[in-house]
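Trainee: Got a structure for you, run_17.cif, holding mmCIF, C-alpha atoms.
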```cif
data_target
loop_
_atom_site.label_atom_id
_atom_site.label_comp_id
_atom_site.auth_asym_id
_atom_site.auth_seq_id
_atom_site.Cartn_x
_atom_site.Cartn_y
_atom_site.Cartn_z
CA MET A 19 116.16 83.14 84.68
CA ASN A 20 119.94 83.08 85.06
CA ALA A 21 120.22 86.28 83.04
CA ARG A 22 117.73 87.99 85.30
CA LEU A 23 119.58 86.96 88.44
CA ARG A 24 122.84 88.06 86.93
CA LEU A 25 121.32 91.45 86.08
CA VAL A 26 120.06 91.97 89.64
CA THR A 27 123.44 90.93 91.01
CA ASP A 28 125.21 93.36 88.66
CA ARG A 29 122.98 96.29 89.78
CA THR A 30 123.71 95.56 93.41
CA ALA A 31 127.44 95.49 92.74
CA GLU A 32 127.28 98.93 91.05
CA ARG A 33 125.84 100.70 94.09
CA PRO A 34 128.45 102.74 95.91
CA ALA A 35 129.24 101.77 99.47
CA PRO A 36 127.78 104.09 102.09
CA PRO A 37 130.30 106.57 103.52
CA PRO A 38 131.96 105.46 106.75
CA ALA A 39 130.30 106.79 109.88
CA ASP A 40 132.01 109.68 111.65
CA PRO A 41 132.24 108.54 115.29
CA LEU A 42 132.79 112.10 116.58
CA ARG A 43 129.47 113.31 115.14
CA GLU A 44 127.64 110.35 116.66
CA GLU A 45 129.00 110.93 120.17
CA PRO A 46 126.46 112.28 122.62
CA GLY A 47 127.44 115.58 124.12
CA PRO A 48 126.25 118.91 125.48
CA GLY A 49 124.59 121.46 123.23
CA ALA A 50 126.32 124.54 121.85
CA ALA A 51 124.85 126.82 124.54
CA ARG A 52 126.38 124.72 127.32
CA CYS A 53 129.74 124.65 125.56
CA LEU A 54 129.64 128.43 125.08
CA GLY A 55 128.96 128.74 128.82
CA LEU A 56 132.12 126.75 129.49
CA TYR A 57 134.16 128.75 126.98
CA ALA A 58 133.02 132.02 128.62
CA LYS A 59 134.82 130.96 131.79
CA LEU A 60 138.16 130.78 129.97
CA ALA A 61 140.13 133.97 130.62
CA ALA A 62 142.08 135.23 127.62
CA GLY A 63 144.03 138.22 126.43
CA VAL A 64 142.16 140.23 123.80
CA THR A 65 143.85 140.46 120.43
CA VAL A 66 143.14 141.96 117.05
CA VAL A 67 144.29 140.01 114.00
CA THR A 68 144.91 142.09 110.86
CA ALA A 69 145.73 141.22 107.26
CA ARG A 70 145.95 142.97 103.91
CA GLY A 71 142.84 142.41 101.80
CA GLU A 72 142.35 143.15 98.11
CA ASP A 73 140.67 146.48 98.94
CA GLY A 74 142.77 147.46 101.94
CA PRO A 75 143.34 146.44 105.56
CA LEU A 76 141.07 143.93 107.30
CA GLY A 77 140.92 142.88 110.91
CA MET A 78 138.90 141.22 113.64
CA THR A 79 138.95 140.83 117.42
CA VAL A 80 140.08 137.38 118.51
CA SER A 81 140.25 135.94 122.01
CA ALA A 82 141.63 132.52 121.03
CA VAL A 83 145.33 133.18 120.39
CA THR A 84 148.19 131.34 122.03
CA SER A 85 151.88 130.65 121.73
CA LEU A 86 152.60 127.34 120.03
CA SER A 87 156.39 127.05 119.87
CA ALA A 88 159.50 129.06 120.75
CA ARG A 89 161.75 127.24 118.25
CA PRO A 90 160.60 127.86 115.63
CA PRO A 91 158.58 130.84 116.90
CA LEU A 92 154.94 129.95 116.17
CA LEU A 93 151.59 131.47 117.19
CA LEU A 94 148.15 129.88 116.89
CA ALA A 95 145.02 131.96 116.23
CA CYS A 96 141.43 130.75 115.83
CA LEU A 97 139.54 132.72 113.18
CA ARG A 98 135.82 132.43 112.45
CA ASP A 99 134.89 130.54 109.30
CA GLY A 100 133.74 132.86 106.52
CA SER A 101 135.46 136.00 107.82
CA ARG A 102 137.09 138.34 105.32
CA THR A 103 140.16 138.47 107.54
CA LEU A 104 140.57 134.69 107.30
CA ALA A 105 140.22 134.88 103.51
CA ALA A 106 142.98 137.52 103.40
CA VAL A 107 145.24 135.45 105.67
CA ARG A 108 144.82 132.49 103.32
CA ALA A 109 145.36 134.56 100.17
CA ARG A 110 148.31 136.72 101.29
CA ARG A 111 149.89 134.18 103.68
CA THR A 112 150.73 136.91 106.23
CA PHE A 113 148.93 138.44 109.20
CA ALA A 114 149.55 140.42 112.38
CA VAL A 115 148.46 139.68 115.93
CA HIS A 116 148.07 142.61 118.35
CA LEU A 117 147.72 142.09 122.10
CA LEU A 118 145.58 145.00 123.28
CA ARG A 119 146.15 147.22 126.31
CA GLU A 120 143.53 147.40 129.06
CA GLU A 121 142.49 150.87 127.89
CA GLN A 122 141.75 149.65 124.32
CA GLN A 123 138.25 148.26 124.98
CA ASP A 124 136.69 150.56 122.38
CA LEU A 125 139.14 149.34 119.73
CA ALA A 126 138.39 145.71 120.64
CA GLY A 127 134.66 146.39 120.39
CA ARG A 128 135.00 148.12 117.04
CA PHE A 129 136.96 145.22 115.53
CA ALA A 130 134.46 142.73 117.00
CA SER A 131 131.30 144.42 115.69
CA PRO A 132 129.71 142.51 112.78
CA THR A 133 128.11 145.73 111.47
CA THR A 134 131.31 147.81 111.38
CA THR A 135 133.00 148.01 107.98
CA ALA A 136 136.73 147.45 107.52
CA ALA A 137 137.22 151.17 106.85
CA GLU A 138 135.36 152.07 110.05
CA ARG A 139 137.43 149.59 112.06
CA PHE A 140 140.68 151.25 111.00
CA ALA A 141 139.37 154.86 111.08
CA GLY A 142 141.36 157.01 113.49
CA THR A 143 143.93 154.31 114.24
CA ASP A 144 147.64 154.87 113.78
CA THR A 145 148.53 152.08 111.36
CA ARG A 146 151.77 151.29 109.58
CA GLN A 147 152.88 148.51 107.25
CA VAL A 148 155.28 145.81 108.45
CA LEU A 149 156.12 143.14 105.88
CA GLY A 150 153.07 144.29 103.91
CA VAL A 151 150.66 143.80 106.84
CA PRO A 152 148.75 146.58 108.65
CA VAL A 153 150.07 146.95 112.21
CA LEU A 154 148.17 148.94 114.82
CA ALA A 155 150.36 151.31 116.82
CA GLY A 156 149.78 151.56 120.55
CA SER A 157 149.06 147.90 121.26
CA LEU A 158 150.75 146.18 124.19
CA ALA A 159 152.60 143.87 121.82
CA TRP A 160 152.35 142.79 118.20
CA SER A 161 153.81 140.23 115.84
CA VAL A 162 153.70 139.80 112.09
CA CYS A 163 153.47 136.17 111.07
CA LEU A 164 153.96 134.16 107.91
CA THR A 165 151.15 131.65 107.53
CA GLU A 166 152.41 128.11 108.09
CA ASP A 167 149.12 126.21 108.16
CA VAL A 168 145.34 126.73 108.14
CA ARG A 169 142.96 123.94 109.19
CA ARG A 170 139.22 124.00 109.71
CA TYR A 171 137.74 122.64 112.92
CA GLY A 172 134.01 123.17 113.36
CA ASP A 173 133.04 126.80 112.81
CA HIS A 174 136.61 128.15 113.11
CA HIS A 175 139.98 127.72 111.42
CA LEU A 176 143.23 127.20 113.29
CA VAL A 177 145.86 129.46 111.76
CA VAL A 178 149.49 128.75 112.59
CA GLY A 179 151.88 131.61 111.92
CA ARG A 180 155.67 131.78 112.07
CA VAL A 181 156.66 134.99 113.85
CA ALA A 182 158.70 137.14 111.45
CA ALA A 183 158.64 140.47 113.32
CA VAL A 184 157.75 141.29 116.91
CA HIS A 185 157.41 144.29 119.22
CA VAL A 186 156.73 144.15 122.96
CA GLY A 187 155.80 147.30 124.86
CA ALA A 188 154.97 148.04 128.47
CA GLY A 189 151.57 148.16 130.08
CA ARG A 190 148.72 145.90 131.12
CA PRO A 191 146.70 143.55 128.88
CA LEU A 192 143.01 143.77 128.14
CA LEU A 193 141.34 140.53 129.22
CA TRP A 194 138.13 138.76 128.18
CA HIS A 195 136.29 136.64 130.75
CA ASP A 196 132.65 135.71 131.28
CA ARG A 197 131.61 137.63 128.14
CA ARG A 198 133.05 140.95 129.29
CA PHE A 199 136.30 142.87 129.34
CA GLY A 200 138.48 142.85 132.43
CA ALA A 201 141.91 143.81 133.68
CA LEU A 202 144.54 142.45 136.02
CA THR A 203 144.33 143.69 139.57
CA ASP A 204 147.93 142.98 140.60
CA PRO A 205 150.65 145.41 139.55
CA VAL A 206 152.46 144.50 136.34
CA PRO A 207 156.13 145.44 135.87
CA ASP A 208 156.69 147.97 133.08
CA ALA A 209 159.66 146.14 131.58
CA ALA A 210 159.55 145.41 127.86
CA GLY A 211 160.73 141.95 126.83
#
```
What is this structure when it is put down as structure tokens?
Mentor:
Amino acid sequence: MNARLRLVTDRTAERPAPPPADPLREEPGPGAARCLGLYAKLAAGVTVVTARGEDGPLGMTVSAVTSLSARPPLLLACLRDGSRTLAAVRARRTFAVHLLREEQQDLAGRFASPTTTAAERFAGTDTRQVLGVPVLAGSLAWSVCLTEDVRRYGDHHLVVGRVAAVHVGAGRPLLWHDRRFGALTDPVPDAAG
């Protein structure tokens, strides 16, 4: 009988402990549709992020881009999980961020379309290489960044880039608010910074 008890005790000891509970996943909260409704109310400048892929240039429209630090100069961009552009950013460790002008709605739409190929996105655009990254001419401003960090949060990745090259032009930014493009109504000075 002792051997049998010992055997049962040994089997119990071999079972792995259950994984610790993730308190964030257990928190009650609003559904995705309600959160997307909130996010739609955030006004943002429209940007296109580009990178060099194995077969040529890649890019996507991104509305979640922000400055992170002036010293060192860092930008933060949120890229959708599974995108080819994100894969290229991770592989090549460089990318460009383009702030679009208010008249570049068609370009923003082309780079946002899930059915448009990479070649179609870049067709007819004036593109040059800066530090090995495709840069779109005619944008309000652009920067080429060296990838500092990539971290996944939910269905997106936060990409931190150190600004290595920058150009700032004159004009007015294209904005995204309430699931549509918009523009500033107040005059904007035409001074480049």
Trainee: Rounded to one decimal in Å, what is the spacing between atom CA of A:Leu94 and atom CA of A:Thr203?
Mentor: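 Interatomic distance, atom CA of A:Leu94 to atom CA of A:Thr203: 26.8 Å.
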Trainee: I'd like to see the residues matched by the PyMOL selection byres ((chain A and resi 150-159) around 6) on this file, and ideally I'd get them as a PDB file with C-alpha atoms, in the frame of the given file.
Mentor:
```pdb
ATOM      1  CA  ALA A  69     145.730 141.220 107.260  1.00  0.00           C
ATOM      2  CA  ARG A  70     145.950 142.970 103.910  1.00  0.00           C
ATOM      3  CA  HIS A 116     148.070 142.610 118.350  1.00  0.00           C
ATOM      4  CA  LEU A 117     147.720 142.090 122.100  1.00  0.00           C
ATOM      5  CA  LEU A 118     145.580 145.000 123.280  1.00  0.00           C
ATOM      6  CA  ARG A 119     146.150 147.220 126.310  1.00  0.00           C
ATOM      7  CA  ASP A 144     147.640 154.870 113.780  1.00  0.00           C
ATOM      8  CA  THR A 145     148.530 152.080 111.360  1.00  0.00           C
ATOM      9  CA  ARG A 146     151.770 151.290 109.580  1.00  0.00           C
ATOM     10  CA  GLN A 147     152.880 148.510 107.250  1.00  0.00           C
ATOM     11  CA  VAL A 148     155.280 145.810 108.450  1.00  0.00           C
ATOM     12  CA  LEU A 149     156.120 143.140 105.880  1.00  0.00           C
ATOM     13  CA  TRP A 160     152.350 142.790 118.200  1.00  0.00           C
ATOM     14  CA  HIS A 185     157.410 144.290 119.220  1.00  0.00           C
ATOM     15  CA  VAL A 186     156.730 144.150 122.960  1.00  0.00           C
ATOM     16  CA  GLY A 187     155.800 147.300 124.860  1.00  0.00           C
TER      17      GLY A 187
END
```
Trainee: Env of stretch 95-112 of chain A: 7 Å cut, atoms = all atoms listed in the file, seq-sep filter 4 positions within chain, self excluded. Answer as a PyMOL selection string.
Mentor: chain A and resi 68-71+76-78+82-84+151+163-165+173-178
Trainee: Can those selected residues be exported to a file as a compact mmCIF listing (two decimals), in the frame of the given file so that it contains C-alpha atoms?
Mentor:
```
# COMPACT_ATOMS: atom_id res chain seq x y z
CA THR A 68 144.91 142.09 110.86
CA ALA A 69 145.73 141.22 107.26
CA ARG A 70 145.95 142.97 103.91
CA GLY A 71 142.84 142.41 101.80
CA LEU A 76 141.07 143.93 107.30
CA GLY A 77 140.92 142.88 110.91
CA MET A 78 138.90 141.22 113.64
CA ALA A 82 141.63 132.52 121.03
CA VAL A 83 145.33 133.18 120.39
CA THR A 84 148.19 131.34 122.03
CA VAL A 151 150.66 143.80 106.84
CA CYS A 163 153.47 136.17 111.07
CA LEU A 164 153.96 134.16 107.91
CA THR A 165 151.15 131.65 107.53
CA ASP A 173 133.04 126.80 112.81
CA HIS A 174 136.61 128.15 113.11
CA HIS A 175 139.98 127.72 111.42
CA LEU A 176 143.23 127.20 113.29
CA VAL A 177 145.86 129.46 111.76
CA VAL A 178 149.49 128.75 112.59
```
Trainee: Please compute the atom CA of A:Val80-atom CA of A:Ala50 distance, one decimal, in Å.
Mentor: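 Value for the atom CA of A:Val80-atom CA of A:Ala50 distance: 19.1 Å.
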Trainee: What does the distance from atom CA of A:Phe199 to atom CA of A:Gly179 come to in Å, to one decimal?
Mentor: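 Going from atom CA of A:Phe199 over to atom CA of A:Gly179 covers 25.9 Å.
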Trainee: Taking all atoms listed in the file into account, name the residue in A:Gly74, A:Ser161, A:Thr135, A:Ala141 that is nearest to A:Val181.
Mentor: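 The shortest atom-to-atom distance to A:Val181 comes from A:Ser161.
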Trainee: Would you translate the PyMOL selection byres ((chain A and resi 190) around 7) into the concrete set of residues it matches in this file, as a list in words?
Mentor: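 Answer for the PyMOL selection byres ((chain A and resi 190) around 7): Arg119, Glu120, Gly189, Pro191, Leu192 and Val206 of chain A.
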Trainee: Could you check the closest approach to A:Leu93 for each of A:Phe113, A:Arg169, A:His195, A:Pro48 and tell me which residue wins, using all atoms listed in the file?
Mentor: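 Between A:Phe113, A:Arg169, A:His195, A:Pro48, the residue approaching A:Leu93 most closely is A:Phe113.
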Trainee: For A:Ala130, work out the shell of residues within 7 Å, counting only C-alpha atoms and skipping chain neighbours fewer than 2 positions away, then give it as a ChimeraX atom specification.
Mentor: /A:78-79,126-128,132
Trainee: Using the chain letters and residue numbers of this document, give as a ChimeraX atom specification the residues selected by the PyMOL selection byres ((chain A and resi 63) around 6).
Mentor: /A:62,64,192-193
Trainee: Which residue out of A:Arg170, A:Ser87, A:Asp73, A:Arg197 has the minimum interatomic distance to A:Ala136 when all atoms listed in the file are used?
Mentor: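 Going through A:Arg170, A:Ser87, A:Asp73, A:Arg197 one by one, the smallest distance to A:Ala136 is for A:Asp73.
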Trainee: Which of these, A:Val184, A:Ala201, A:Val168, A:Ala114, has the shortest distance to A:Val66 once you count all atoms listed in the file?
Mentor: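 Of A:Val184, A:Ala201, A:Val168, A:Ala114, the one nearest A:Val66 is A:Ala114, counting all atoms listed in the file.
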